[in-house]
Structures are given as structure tokens and as C-alpha cells.
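J.: Structure file target30.txt (compact mmCIF, N, CA and C atoms) right here:
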```txt
# COMPACT_ATOMS: atom_id res chain seq x y z
N MET A 21 -36.80 6.25 -26.77
CA MET A 21 -37.60 5.06 -26.71
C MET A 21 -38.51 5.03 -27.93
N GLU A 22 -38.61 3.87 -28.51
CA GLU A 22 -39.43 3.70 -29.70
C GLU A 22 -40.89 3.53 -29.31
N LYS A 23 -41.75 4.32 -29.89
CA LYS A 23 -43.19 4.15 -29.74
C LYS A 23 -43.67 3.33 -30.91
N SER A 24 -44.41 2.30 -30.62
CA SER A 24 -44.91 1.43 -31.69
C SER A 24 -46.39 1.65 -31.86
N HIS A 25 -46.79 1.87 -33.07
CA HIS A 25 -48.20 2.10 -33.37
C HIS A 25 -48.62 1.23 -34.54
N LEU A 26 -49.75 0.61 -34.41
CA LEU A 26 -50.31 -0.20 -35.48
C LEU A 26 -51.62 0.42 -35.92
N LEU A 27 -52.13 -0.03 -37.05
CA LEU A 27 -53.37 0.49 -37.63
C LEU A 27 -53.27 1.99 -37.87
N GLY A 28 -52.18 2.39 -38.50
CA GLY A 28 -51.97 3.81 -38.77
C GLY A 28 -51.44 4.51 -37.55
N ALA A 29 -52.26 5.30 -36.88
CA ALA A 29 -51.80 6.11 -35.76
C ALA A 29 -51.93 5.43 -34.42
N ALA A 30 -52.71 4.37 -34.30
CA ALA A 30 -52.91 3.77 -32.97
C ALA A 30 -53.19 2.29 -33.07
N CYS A 31 -52.84 1.61 -32.03
CA CYS A 31 -53.16 0.19 -31.91
C CYS A 31 -54.31 0.09 -30.93
N ALA A 32 -55.39 -0.50 -31.33
CA ALA A 32 -56.54 -0.62 -30.44
C ALA A 32 -56.71 -2.08 -30.06
N ILE A 33 -56.57 -2.35 -28.80
CA ILE A 33 -56.85 -3.67 -28.27
C ILE A 33 -58.12 -3.54 -27.47
N ILE A 34 -59.13 -4.26 -27.86
CA ILE A 34 -60.43 -4.07 -27.24
C ILE A 34 -60.87 -5.36 -26.55
N LEU A 35 -61.22 -5.23 -25.31
CA LEU A 35 -61.80 -6.32 -24.55
C LEU A 35 -63.23 -5.94 -24.26
N ALA A 36 -64.15 -6.69 -24.77
CA ALA A 36 -65.56 -6.36 -24.57
C ALA A 36 -66.22 -7.41 -23.70
N ILE A 37 -66.92 -6.96 -22.68
CA ILE A 37 -67.70 -7.82 -21.81
C ILE A 37 -69.13 -7.32 -21.91
N THR A 38 -70.03 -8.21 -22.26
CA THR A 38 -71.40 -7.78 -22.45
C THR A 38 -72.33 -8.45 -21.44
N SER A 39 -73.38 -7.76 -21.10
CA SER A 39 -74.47 -8.33 -20.31
C SER A 39 -75.76 -7.97 -21.02
N ASN A 40 -76.88 -8.11 -20.36
CA ASN A 40 -78.16 -7.80 -21.01
C ASN A 40 -78.26 -6.34 -21.44
N THR A 41 -77.71 -5.43 -20.64
CA THR A 41 -77.91 -4.02 -20.95
C THR A 41 -76.63 -3.22 -21.08
N SER A 42 -75.46 -3.82 -20.80
CA SER A 42 -74.22 -3.03 -20.77
C SER A 42 -73.11 -3.71 -21.55
N ALA A 43 -72.21 -2.91 -22.04
CA ALA A 43 -70.99 -3.40 -22.66
C ALA A 43 -69.85 -2.55 -22.15
N TYR A 44 -68.73 -3.17 -21.87
CA TYR A 44 -67.56 -2.47 -21.37
C TYR A 44 -66.40 -2.74 -22.30
N ALA A 45 -65.56 -1.76 -22.49
CA ALA A 45 -64.41 -1.94 -23.38
C ALA A 45 -63.18 -1.33 -22.76
N LEU A 46 -62.07 -2.02 -22.91
CA LEU A 46 -60.76 -1.52 -22.52
C LEU A 46 -60.00 -1.27 -23.81
N VAL A 47 -59.56 -0.05 -24.02
CA VAL A 47 -58.86 0.29 -25.25
C VAL A 47 -57.46 0.79 -24.88
N LEU A 48 -56.45 0.11 -25.40
CA LEU A 48 -55.07 0.53 -25.23
C LEU A 48 -54.64 1.17 -26.54
N THR A 49 -54.21 2.40 -26.49
CA THR A 49 -53.93 3.11 -27.73
C THR A 49 -52.49 3.03 -28.18
N ASN A 50 -51.55 2.68 -27.30
CA ASN A 50 -50.17 2.52 -27.75
C ASN A 50 -49.40 1.71 -26.73
N TYR A 51 -48.24 1.31 -27.09
CA TYR A 51 -47.36 0.59 -26.19
C TYR A 51 -45.93 0.97 -26.50
N ASP A 52 -45.04 0.71 -25.55
CA ASP A 52 -43.63 1.01 -25.71
C ASP A 52 -42.85 -0.29 -25.86
N THR A 53 -41.83 -0.27 -26.66
CA THR A 53 -40.95 -1.41 -26.82
C THR A 53 -39.81 -1.27 -25.83
N ILE A 54 -39.57 -2.31 -25.06
CA ILE A 54 -38.47 -2.31 -24.11
C ILE A 54 -37.42 -3.27 -24.64
N SER A 55 -36.23 -2.74 -24.89
CA SER A 55 -35.15 -3.53 -25.47
C SER A 55 -33.82 -2.99 -24.98
N MET A 56 -33.15 -3.74 -24.12
CA MET A 56 -31.85 -3.33 -23.60
C MET A 56 -30.87 -3.23 -24.75
N PRO A 57 -30.21 -2.09 -24.93
CA PRO A 57 -29.26 -1.95 -26.03
C PRO A 57 -28.17 -3.03 -25.99
N GLY A 58 -27.95 -3.69 -27.12
CA GLY A 58 -26.92 -4.71 -27.24
C GLY A 58 -27.34 -6.10 -26.79
N ALA A 59 -28.53 -6.23 -26.22
CA ALA A 59 -28.99 -7.54 -25.74
C ALA A 59 -29.62 -8.33 -26.87
N SER A 60 -29.49 -9.66 -26.78
CA SER A 60 -30.15 -10.49 -27.79
C SER A 60 -31.64 -10.64 -27.49
N THR A 61 -32.03 -10.58 -26.21
CA THR A 61 -33.43 -10.69 -25.80
C THR A 61 -33.62 -9.89 -24.52
N THR A 62 -34.77 -9.25 -24.37
CA THR A 62 -35.09 -8.49 -23.16
C THR A 62 -36.45 -8.92 -22.65
N TYR A 63 -36.54 -9.18 -21.33
CA TYR A 63 -37.79 -9.56 -20.68
C TYR A 63 -38.15 -8.51 -19.63
N ALA A 64 -39.41 -8.12 -19.58
CA ALA A 64 -39.90 -7.17 -18.58
C ALA A 64 -40.88 -7.88 -17.67
N PHE A 65 -40.75 -7.68 -16.35
CA PHE A 65 -41.63 -8.36 -15.40
C PHE A 65 -42.30 -7.42 -14.41
N GLY A 66 -41.54 -6.62 -13.68
CA GLY A 66 -42.12 -5.76 -12.66
C GLY A 66 -42.28 -4.34 -13.16
N ILE A 67 -43.44 -3.75 -12.89
CA ILE A 67 -43.71 -2.38 -13.33
C ILE A 67 -44.26 -1.60 -12.16
N GLU A 68 -43.68 -0.43 -11.93
CA GLU A 68 -44.21 0.51 -10.95
C GLU A 68 -44.02 1.92 -11.50
N GLY A 69 -45.11 2.60 -11.78
CA GLY A 69 -45.02 3.93 -12.40
C GLY A 69 -44.33 3.81 -13.74
N THR A 70 -43.24 4.56 -13.93
CA THR A 70 -42.48 4.48 -15.18
C THR A 70 -41.29 3.53 -15.05
N ASN A 71 -41.11 2.90 -13.90
CA ASN A 71 -40.00 1.98 -13.69
C ASN A 71 -40.38 0.55 -14.06
N VAL A 72 -39.47 -0.10 -14.77
CA VAL A 72 -39.66 -1.48 -15.20
C VAL A 72 -38.40 -2.26 -14.82
N VAL A 73 -38.59 -3.47 -14.25
CA VAL A 73 -37.45 -4.35 -14.00
C VAL A 73 -37.65 -5.65 -14.74
N GLY A 74 -36.55 -6.29 -15.04
CA GLY A 74 -36.58 -7.56 -15.74
C GLY A 74 -35.16 -8.05 -15.93
N TYR A 75 -34.96 -8.80 -17.01
CA TYR A 75 -33.61 -9.24 -17.32
C TYR A 75 -33.44 -9.33 -18.83
N TYR A 76 -32.18 -9.34 -19.24
CA TYR A 76 -31.84 -9.45 -20.65
C TYR A 76 -30.77 -10.51 -20.80
N VAL A 77 -30.59 -11.00 -22.01
CA VAL A 77 -29.59 -12.02 -22.29
C VAL A 77 -28.39 -11.36 -22.94
N ASP A 78 -27.21 -11.61 -22.31
CA ASP A 78 -25.96 -11.04 -22.79
C ASP A 78 -24.90 -12.14 -22.76
N SER A 79 -24.40 -12.53 -23.92
CA SER A 79 -23.37 -13.57 -24.02
C SER A 79 -23.78 -14.85 -23.29
N GLY A 80 -25.05 -15.21 -23.40
CA GLY A 80 -25.54 -16.44 -22.82
C GLY A 80 -25.86 -16.37 -21.33
N HIS A 81 -25.74 -15.19 -20.72
CA HIS A 81 -26.06 -15.02 -19.30
C HIS A 81 -27.23 -14.08 -19.12
N PHE A 82 -27.97 -14.28 -18.04
CA PHE A 82 -29.07 -13.39 -17.69
C PHE A 82 -28.53 -12.24 -16.85
N ARG A 83 -28.93 -11.02 -17.20
CA ARG A 83 -28.48 -9.81 -16.50
C ARG A 83 -29.71 -8.99 -16.14
N GLY A 84 -29.80 -8.57 -14.89
CA GLY A 84 -30.93 -7.76 -14.46
C GLY A 84 -30.80 -6.32 -14.93
N TYR A 85 -31.95 -5.63 -15.01
CA TYR A 85 -31.94 -4.21 -15.38
C TYR A 85 -33.10 -3.49 -14.72
N LEU A 86 -32.92 -2.19 -14.60
CA LEU A 86 -33.98 -1.25 -14.23
C LEU A 86 -34.09 -0.25 -15.36
N TYR A 87 -35.29 -0.06 -15.86
CA TYR A 87 -35.55 0.93 -16.91
C TYR A 87 -36.50 1.96 -16.33
N ASP A 88 -36.10 3.24 -16.35
CA ASP A 88 -36.90 4.29 -15.73
C ASP A 88 -37.73 5.09 -16.73
N GLY A 89 -37.87 4.57 -17.93
CA GLY A 89 -38.61 5.28 -18.98
C GLY A 89 -37.68 6.02 -19.91
N THR A 90 -36.42 6.18 -19.50
CA THR A 90 -35.42 6.86 -20.30
C THR A 90 -34.10 6.10 -20.37
N THR A 91 -33.67 5.59 -19.21
CA THR A 91 -32.34 5.00 -19.09
C THR A 91 -32.42 3.55 -18.60
N TYR A 92 -31.61 2.70 -19.20
CA TYR A 92 -31.46 1.32 -18.75
C TYR A 92 -30.27 1.27 -17.79
N THR A 93 -30.48 0.71 -16.59
CA THR A 93 -29.41 0.55 -15.61
C THR A 93 -29.24 -0.94 -15.34
N PRO A 94 -28.06 -1.51 -15.69
CA PRO A 94 -27.83 -2.92 -15.37
C PRO A 94 -27.76 -3.11 -13.86
N ILE A 95 -28.36 -4.19 -13.37
CA ILE A 95 -28.30 -4.54 -11.96
C ILE A 95 -27.91 -6.00 -11.88
N ASP A 96 -26.67 -6.26 -11.48
CA ASP A 96 -26.15 -7.62 -11.40
C ASP A 96 -25.47 -7.82 -10.06
N VAL A 97 -25.76 -8.94 -9.42
CA VAL A 97 -25.09 -9.29 -8.17
C VAL A 97 -23.62 -9.57 -8.49
N PRO A 98 -22.69 -8.87 -7.83
CA PRO A 98 -21.27 -9.11 -8.10
C PRO A 98 -20.89 -10.58 -7.87
N GLY A 99 -20.22 -11.16 -8.85
CA GLY A 99 -19.77 -12.55 -8.77
C GLY A 99 -20.80 -13.58 -9.17
N ALA A 100 -22.03 -13.17 -9.45
CA ALA A 100 -23.08 -14.11 -9.84
C ALA A 100 -22.96 -14.46 -11.31
N ASP A 101 -23.37 -15.68 -11.64
CA ASP A 101 -23.41 -16.08 -13.05
C ASP A 101 -24.58 -15.44 -13.77
N ASP A 102 -25.73 -15.36 -13.09
CA ASP A 102 -26.95 -14.81 -13.66
C ASP A 102 -27.71 -14.03 -12.60
N THR A 103 -28.40 -12.97 -13.03
CA THR A 103 -29.28 -12.20 -12.16
C THR A 103 -30.57 -11.94 -12.92
N VAL A 104 -31.72 -12.23 -12.29
CA VAL A 104 -33.02 -11.93 -12.90
C VAL A 104 -33.84 -11.14 -11.88
N LEU A 105 -34.57 -10.15 -12.36
CA LEU A 105 -35.38 -9.28 -11.51
C LEU A 105 -36.84 -9.41 -11.89
N PHE A 106 -37.72 -9.49 -10.87
CA PHE A 106 -39.13 -9.71 -11.14
C PHE A 106 -40.06 -8.67 -10.54
N GLY A 107 -39.69 -8.04 -9.44
CA GLY A 107 -40.62 -7.12 -8.78
C GLY A 107 -39.94 -5.85 -8.31
N ILE A 108 -40.74 -4.78 -8.21
CA ILE A 108 -40.23 -3.49 -7.74
C ILE A 108 -41.31 -2.82 -6.90
N ASP A 109 -40.86 -2.19 -5.81
CA ASP A 109 -41.73 -1.40 -4.95
C ASP A 109 -40.88 -0.28 -4.36
N GLY A 110 -41.14 0.94 -4.78
CA GLY A 110 -40.30 2.05 -4.33
C GLY A 110 -38.87 1.82 -4.77
N GLY A 111 -37.93 1.88 -3.82
CA GLY A 111 -36.53 1.65 -4.14
C GLY A 111 -36.09 0.21 -3.98
N ASN A 112 -37.02 -0.69 -3.68
CA ASN A 112 -36.68 -2.09 -3.47
C ASN A 112 -37.02 -2.94 -4.70
N ILE A 113 -36.07 -3.79 -5.07
CA ILE A 113 -36.22 -4.67 -6.23
C ILE A 113 -35.94 -6.09 -5.77
N VAL A 114 -36.76 -7.04 -6.23
CA VAL A 114 -36.55 -8.44 -5.88
C VAL A 114 -36.41 -9.31 -7.11
N GLY A 115 -35.77 -10.46 -6.92
CA GLY A 115 -35.57 -11.42 -7.98
C GLY A 115 -34.75 -12.57 -7.46
N SER A 116 -33.81 -13.04 -8.28
CA SER A 116 -32.93 -14.12 -7.84
C SER A 116 -31.61 -14.01 -8.59
N TYR A 117 -30.62 -14.73 -8.05
CA TYR A 117 -29.34 -14.81 -8.73
C TYR A 117 -28.77 -16.20 -8.55
N ALA A 118 -27.88 -16.58 -9.46
CA ALA A 118 -27.29 -17.91 -9.43
C ALA A 118 -25.78 -17.80 -9.35
N ASP A 119 -25.23 -18.55 -8.42
CA ASP A 119 -23.80 -18.81 -8.38
C ASP A 119 -23.70 -20.33 -8.39
N SER A 120 -23.19 -20.96 -7.36
CA SER A 120 -23.21 -22.42 -7.32
C SER A 120 -24.58 -22.94 -6.92
N SER A 121 -25.49 -22.03 -6.51
CA SER A 121 -26.85 -22.36 -6.13
C SER A 121 -27.75 -21.20 -6.57
N GLY A 122 -29.04 -21.28 -6.28
CA GLY A 122 -29.97 -20.20 -6.60
C GLY A 122 -30.41 -19.51 -5.33
N HIS A 123 -30.42 -18.18 -5.33
CA HIS A 123 -30.73 -17.40 -4.15
C HIS A 123 -31.80 -16.36 -4.46
N GLY A 124 -32.66 -16.08 -3.50
CA GLY A 124 -33.53 -14.93 -3.61
C GLY A 124 -32.71 -13.67 -3.42
N LEU A 125 -33.21 -12.57 -3.93
CA LEU A 125 -32.45 -11.33 -3.93
C LEU A 125 -33.34 -10.15 -3.57
N LEU A 126 -32.86 -9.31 -2.67
CA LEU A 126 -33.45 -8.01 -2.40
C LEU A 126 -32.37 -6.97 -2.66
N TYR A 127 -32.65 -6.04 -3.56
CA TYR A 127 -31.72 -4.95 -3.88
C TYR A 127 -32.41 -3.64 -3.51
N ASP A 128 -31.75 -2.82 -2.67
CA ASP A 128 -32.36 -1.58 -2.19
C ASP A 128 -31.81 -0.33 -2.88
N GLY A 129 -31.11 -0.51 -3.96
CA GLY A 129 -30.53 0.61 -4.68
C GLY A 129 -29.05 0.80 -4.39
N SER A 130 -28.57 0.18 -3.30
CA SER A 130 -27.15 0.28 -3.00
C SER A 130 -26.54 -1.04 -2.53
N SER A 131 -27.35 -1.92 -1.96
CA SER A 131 -26.78 -3.18 -1.49
C SER A 131 -27.67 -4.36 -1.88
N TYR A 132 -27.02 -5.50 -2.05
CA TYR A 132 -27.68 -6.74 -2.42
C TYR A 132 -27.80 -7.62 -1.17
N THR A 133 -29.01 -8.08 -0.87
CA THR A 133 -29.24 -8.95 0.28
C THR A 133 -29.76 -10.29 -0.21
N PRO A 134 -29.00 -11.38 0.03
CA PRO A 134 -29.52 -12.70 -0.34
C PRO A 134 -30.66 -13.09 0.59
N ILE A 135 -31.68 -13.72 0.04
CA ILE A 135 -32.82 -14.22 0.82
C ILE A 135 -32.89 -15.72 0.58
N ASP A 136 -32.54 -16.49 1.60
CA ASP A 136 -32.54 -17.94 1.50
C ASP A 136 -33.21 -18.53 2.72
N PRO A 137 -34.17 -19.43 2.54
CA PRO A 137 -34.80 -20.07 3.70
C PRO A 137 -33.84 -21.07 4.33
N PRO A 138 -34.01 -21.35 5.62
CA PRO A 138 -33.19 -22.39 6.24
C PRO A 138 -33.37 -23.73 5.52
N GLY A 139 -32.30 -24.46 5.38
CA GLY A 139 -32.38 -25.76 4.72
C GLY A 139 -32.04 -25.72 3.25
N GLY A 140 -31.80 -24.54 2.71
CA GLY A 140 -31.34 -24.43 1.33
C GLY A 140 -32.45 -24.56 0.30
N GLY A 141 -32.05 -24.96 -0.88
CA GLY A 141 -32.97 -25.02 -2.01
C GLY A 141 -32.85 -23.76 -2.84
N ILE A 142 -33.46 -23.76 -3.98
CA ILE A 142 -33.45 -22.60 -4.86
C ILE A 142 -34.56 -21.65 -4.44
N THR A 143 -34.23 -20.37 -4.33
CA THR A 143 -35.20 -19.36 -3.90
C THR A 143 -35.34 -18.31 -5.00
N ILE A 144 -36.59 -17.99 -5.34
CA ILE A 144 -36.88 -16.94 -6.32
C ILE A 144 -37.93 -16.03 -5.72
N LEU A 145 -37.67 -14.74 -5.67
CA LEU A 145 -38.65 -13.76 -5.19
C LEU A 145 -39.30 -13.11 -6.40
N PHE A 146 -40.62 -13.20 -6.48
CA PHE A 146 -41.33 -12.68 -7.63
C PHE A 146 -41.94 -11.31 -7.45
N ASP A 147 -42.23 -10.91 -6.21
CA ASP A 147 -42.91 -9.62 -6.02
C ASP A 147 -42.59 -9.08 -4.64
N ILE A 148 -42.78 -7.79 -4.48
CA ILE A 148 -42.60 -7.11 -3.20
C ILE A 148 -43.65 -6.03 -3.08
N ASP A 149 -44.14 -5.82 -1.85
CA ASP A 149 -45.14 -4.79 -1.62
C ASP A 149 -44.92 -4.19 -0.25
```
Take the structure I supplied and represent it as C-alpha cells, if you would.
T.:
Amino acid sequence: MEKSHLLGAACAIILAITSNTSAYALVLTNYDTISMPGASTTYAFGIEGTNVVGYYVDSGHFRGYLYDGTTYTPIDVPGADDTVLFGIDGGNIVGSYADSSGHGLLYDGSSYTPIDPPGGGITILFDID
């Protein structure tokens, strides 16, 4: 994984909030670049510990992925045109997929469960806790 550093050895992003007697600062010293190998674009949305979920663009389609800090694992609903992932909690990942319609998605590491409310419509799951 590529470590990106600016300003020589570190990138400092500082957020300062001041009051009459106090100042607070948040300093981030580095960041990691997330880029699915071979993808034209990679998006990251859900983060838990060292795990990141999102989607990447491959041949004009959206493909879900899980990145564990070392390895990228594609996660795609079989038969779907597109899969996007937005949230992660433990072994559960949520997002959506598209076939002839749009469906919410729960992936538990081994099986894909569509989540659709009665009456249809497009469903997107953004987070899980």
C-alpha cells in the first residue's frame, strides 16, 4: 500500500477551534491511498478498523470491494449489473445492487441477502450497526 506524505515527511491538516482561553487542534499526519488494482476509479465509503468497503469502476460497471489493509477482495452479487458497498460492521456489509431494478444488499461473508421493502422501489443501504 502506498503511503502518501506531503510537506516533506508529513501532511498536517489542522482544524483549530478557539474560545477565550482555549484552542484545540486535530492533526492528521498521514493518509493511505486506496486504489483497486486495474480500476479506473475507486471509492471508499465504510470503514471499520482496518477494513474499508466501497466500489470501483471496471469496464463501465460498479463493482464492490473489501480492503483489509493489505488485500482487495471483490464483492459482487452474482448476476448483478452493478454492486456498490457503503457500510461494514463486523462480518456484515451493506450496500445495493442493480439488475432490472435496484435492491438493498446485506452480505455476511458467504451469502447475499436482498433487502427490499414491500411495494418495490429502489433500495440502498448506507450503514449497519
J.: Skip range 129-138 of chain A itself and residues of its chain fewer than 6 positions away, then list as a PyMOL selection string all residues within 6 Å of it, counting all atoms listed in the file.
T.: chain A and resi 111-112+123
J.: Nearest to Glu68 in chain A among A:Tyr117, A:Gly110, A:Leu125, A:Asp102, with distances taken over only N, CA and C atoms: which residue is it?
T.: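 Under the stated criterion, the closest residue is A:Gly110.
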J.: Please determine, counting only C-alpha atoms, which residue among A:Thr143, A:Ser120, A:Gly80, A:Tyr127 has the shortest atom-to-atom distance to Ile95 in chain A.
T.: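 The answer is A:Tyr127, which sits nearest to Ile95 in chain A.
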J.: Tell me, in Å to one decimal, how far CA of Gly74 in chain A is from atom N of Gly139 in chain A.
T.: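 Computed distance, CA of Gly74 in chain A to atom N of Gly139 in chain A, equals 27.4 Å.
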J.: Is there a way to get, as a ChimeraX atom specification, all residues within 7 Å of the point (-30.9, -9.6, -16.5) in file coordinates, counting only N, CA and C atoms?
T.: /A:74-77,81-85,95,102-105
J.: Which residue gives the smallest distance to Asp109 in chain A among A:Gly124, A:Pro57, A:Gly89, A:Gly69, with only C-alpha atoms counted?
T.: A:Gly69
J.: Expressed in Å to a single decimal, how great is the separation between CA of Thr91 in chain A and CA of Ala64 in chain A?
T.: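 One can read the CA of Thr91 in chain A to CA of Ala64 in chain A distance as 14.3 Å.
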J.: What is the distance, in Å and to one decimal place, between CA of Ile148 in chain A and CA of Phe106 in chain A?
T.: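 For CA of Ile148 in chain A relative to CA of Phe106 in chain A, the distance reads 9.0 Å.
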J.: Among range 43-121 of chain A, which ones does DSSP assign to strand (DSSP E or B) (computed from the backbone)? Answer as a PyMOL selection string.
T.: chain A and resi 43-48+51-52+61-68+71-78+81-87+92-95+102-109+112-118
J.: From the options A:Gly66, A:Ser60, A:Gly140, A:Tyr92, which residue's atoms come nearest to Gly107 in chain A, counting only N, CA and C atoms?
T.: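 The closest residue to Gly107 in chain A is A:Gly66.
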J.: Here is a test: counting only C-alpha atoms, which residue of A:Leu126, A:Ile113, A:Leu86, A:Ala118 is nearest to Asp101 in chain A?
T.: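 Closest residue, counting only C-alpha atoms: A:Ala118.
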J.: Only C-alpha atoms, please: range 54-141 of chain A from the block, as a PDB file, in the first residue's frame.
T.:
```
ATOM      1  CA  ILE A  54      -6.958   3.264  -1.701  1.00  0.00           C
ATOM      2  CA  SER A  55      -6.946   2.181  -5.328  1.00  0.00           C
ATOM      3  CA  MET A  56      -8.280  -1.149  -6.581  1.00  0.00           C
ATOM      4  CA  PRO A  57      -5.664  -2.580  -8.965  1.00  0.00           C
ATOM      5  CA  GLY A  58      -6.801  -2.237 -12.590  1.00  0.00           C
ATOM      6  CA  ALA A  59      -9.764   0.015 -11.762  1.00  0.00           C
ATOM      7  CA  SER A  60     -10.297   3.344 -13.470  1.00  0.00           C
ATOM      8  CA  THR A  61     -11.741   4.859 -10.245  1.00  0.00           C
ATOM      9  CA  THR A  62     -12.052   3.652  -6.636  1.00  0.00           C
ATOM     10  CA  TYR A  63     -14.471   4.978  -3.998  1.00  0.00           C
ATOM     11  CA  ALA A  64     -14.242   4.244  -0.260  1.00  0.00           C
ATOM     12  CA  PHE A  65     -17.295   4.616   1.999  1.00  0.00           C
ATOM     13  CA  GLY A  66     -17.443   2.319   5.041  1.00  0.00           C
ATOM     14  CA  ILE A  67     -14.559   1.992   7.477  1.00  0.00           C
ATOM     15  CA  GLU A  68     -14.248  -0.280  10.483  1.00  0.00           C
ATOM     16  CA  GLY A  69     -10.804  -0.811  11.991  1.00  0.00           C
ATOM     17  CA  THR A  70      -8.515  -1.613   9.057  1.00  0.00           C
ATOM     18  CA  ASN A  71     -11.420  -2.766   6.848  1.00  0.00           C
ATOM     19  CA  VAL A  72     -12.746  -0.489   4.125  1.00  0.00           C
ATOM     20  CA  VAL A  73     -15.681  -1.120   1.772  1.00  0.00           C
ATOM     21  CA  GLY A  74     -16.691   0.755  -1.324  1.00  0.00           C
ATOM     22  CA  TYR A  75     -16.822   0.258  -5.048  1.00  0.00           C
ATOM     23  CA  TYR A  76     -14.643   0.666  -8.094  1.00  0.00           C
ATOM     24  CA  VAL A  77     -15.332   1.179 -11.791  1.00  0.00           C
ATOM     25  CA  ASP A  78     -14.423  -1.689 -14.114  1.00  0.00           C
ATOM     26  CA  SER A  79     -15.393  -1.628 -17.808  1.00  0.00           C
ATOM     27  CA  GLY A  80     -18.169   0.853 -17.088  1.00  0.00           C
ATOM     28  CA  HIS A  81     -19.699  -1.165 -14.220  1.00  0.00           C
ATOM     29  CA  PHE A  82     -19.611  -0.624 -10.471  1.00  0.00           C
ATOM     30  CA  ARG A  83     -18.008  -3.477  -8.504  1.00  0.00           C
ATOM     31  CA  GLY A  84     -17.956  -3.762  -4.722  1.00  0.00           C
ATOM     32  CA  TYR A  85     -14.798  -4.474  -2.735  1.00  0.00           C
ATOM     33  CA  LEU A  86     -13.495  -5.108   0.753  1.00  0.00           C
ATOM     34  CA  TYR A  87      -9.991  -3.877   1.553  1.00  0.00           C
ATOM     35  CA  ASP A  88      -8.461  -5.226   4.774  1.00  0.00           C
ATOM     36  CA  GLY A  89      -5.375  -3.011   4.787  1.00  0.00           C
ATOM     37  CA  THR A  90      -3.442  -5.489   2.658  1.00  0.00           C
ATOM     38  CA  THR A  91      -5.728  -7.277   0.195  1.00  0.00           C
ATOM     39  CA  TYR A  92      -8.556  -6.135  -2.063  1.00  0.00           C
ATOM     40  CA  THR A  93     -11.423  -8.652  -2.269  1.00  0.00           C
ATOM     41  CA  PRO A  94     -14.059  -8.082  -4.972  1.00  0.00           C
ATOM     42  CA  ILE A  95     -17.624  -8.488  -3.685  1.00  0.00           C
ATOM     43  CA  ASP A  96     -20.241  -8.673  -6.437  1.00  0.00           C
ATOM     44  CA  VAL A  97     -23.763 -10.065  -6.344  1.00  0.00           C
ATOM     45  CA  PRO A  98     -23.837 -12.912  -8.899  1.00  0.00           C
ATOM     46  CA  GLY A  99     -25.793 -11.862 -11.991  1.00  0.00           C
ATOM     47  CA  ALA A 100     -25.985  -8.184 -10.994  1.00  0.00           C
ATOM     48  CA  ASP A 101     -25.028  -5.418 -13.393  1.00  0.00           C
ATOM     49  CA  ASP A 102     -23.570  -3.274 -10.590  1.00  0.00           C
ATOM     50  CA  THR A 103     -22.754  -3.691  -6.896  1.00  0.00           C
ATOM     51  CA  VAL A 104     -21.895  -0.823  -4.518  1.00  0.00           C
ATOM     52  CA  LEU A 105     -20.971  -1.177  -0.845  1.00  0.00           C
ATOM     53  CA  PHE A 106     -21.394   1.550   1.766  1.00  0.00           C
ATOM     54  CA  GLY A 107     -21.239   0.148   5.300  1.00  0.00           C
ATOM     55  CA  ILE A 108     -19.480  -2.513   7.355  1.00  0.00           C
ATOM     56  CA  ASP A 109     -19.982  -3.849  10.879  1.00  0.00           C
ATOM     57  CA  GLY A 110     -18.094  -6.963  11.900  1.00  0.00           C
ATOM     58  CA  GLY A 111     -18.639  -9.528   9.158  1.00  0.00           C
ATOM     59  CA  ASN A 112     -21.715  -7.776   7.751  1.00  0.00           C
ATOM     60  CA  ILE A 113     -21.535  -5.464   4.742  1.00  0.00           C
ATOM     61  CA  VAL A 114     -24.395  -3.414   3.289  1.00  0.00           C
ATOM     62  CA  GLY A 115     -24.985  -1.573   0.044  1.00  0.00           C
ATOM     63  CA  SER A 116     -27.050  -2.106  -3.071  1.00  0.00           C
ATOM     64  CA  TYR A 117     -27.026  -3.882  -6.383  1.00  0.00           C
ATOM     65  CA  ALA A 118     -28.753  -3.390  -9.709  1.00  0.00           C
ATOM     66  CA  ASP A 119     -30.262  -5.896 -12.070  1.00  0.00           C
ATOM     67  CA  SER A 120     -33.552  -4.922 -13.721  1.00  0.00           C
ATOM     68  CA  SER A 121     -34.228  -2.916 -10.524  1.00  0.00           C
ATOM     69  CA  GLY A 122     -32.276  -1.608  -7.517  1.00  0.00           C
ATOM     70  CA  HIS A 123     -32.069  -3.678  -4.335  1.00  0.00           C
ATOM     71  CA  GLY A 124     -30.641  -3.226  -0.871  1.00  0.00           C
ATOM     72  CA  LEU A 125     -27.953  -5.737  -0.016  1.00  0.00           C
ATOM     73  CA  LEU A 126     -26.711  -7.480   3.114  1.00  0.00           C
ATOM     74  CA  TYR A 127     -23.587  -9.618   2.658  1.00  0.00           C
ATOM     75  CA  ASP A 128     -22.446 -11.714   5.634  1.00  0.00           C
ATOM     76  CA  GLY A 129     -19.201 -13.006   4.155  1.00  0.00           C
ATOM     77  CA  SER A 130     -20.770 -16.026   2.490  1.00  0.00           C
ATOM     78  CA  SER A 131     -24.271 -15.179   1.289  1.00  0.00           C
ATOM     79  CA  TYR A 132     -26.038 -12.241  -0.316  1.00  0.00           C
ATOM     80  CA  THR A 133     -29.453 -11.237   1.068  1.00  0.00           C
ATOM     81  CA  PRO A 134     -31.591  -8.778  -0.901  1.00  0.00           C
ATOM     82  CA  ILE A 135     -33.357  -6.177   1.252  1.00  0.00           C
ATOM     83  CA  ASP A 136     -36.438  -4.742  -0.437  1.00  0.00           C
ATOM     84  CA  PRO A 137     -39.414  -3.050   1.222  1.00  0.00           C
ATOM     85  CA  PRO A 138     -42.917  -4.168   0.253  1.00  0.00           C
ATOM     86  CA  GLY A 139     -44.182  -2.266  -2.761  1.00  0.00           C
ATOM     87  CA  GLY A 140     -40.865  -2.117  -4.575  1.00  0.00           C
ATOM     88  CA  GLY A 141     -38.810   0.909  -5.434  1.00  0.00           C
TER      89      GLY A 141
END
```
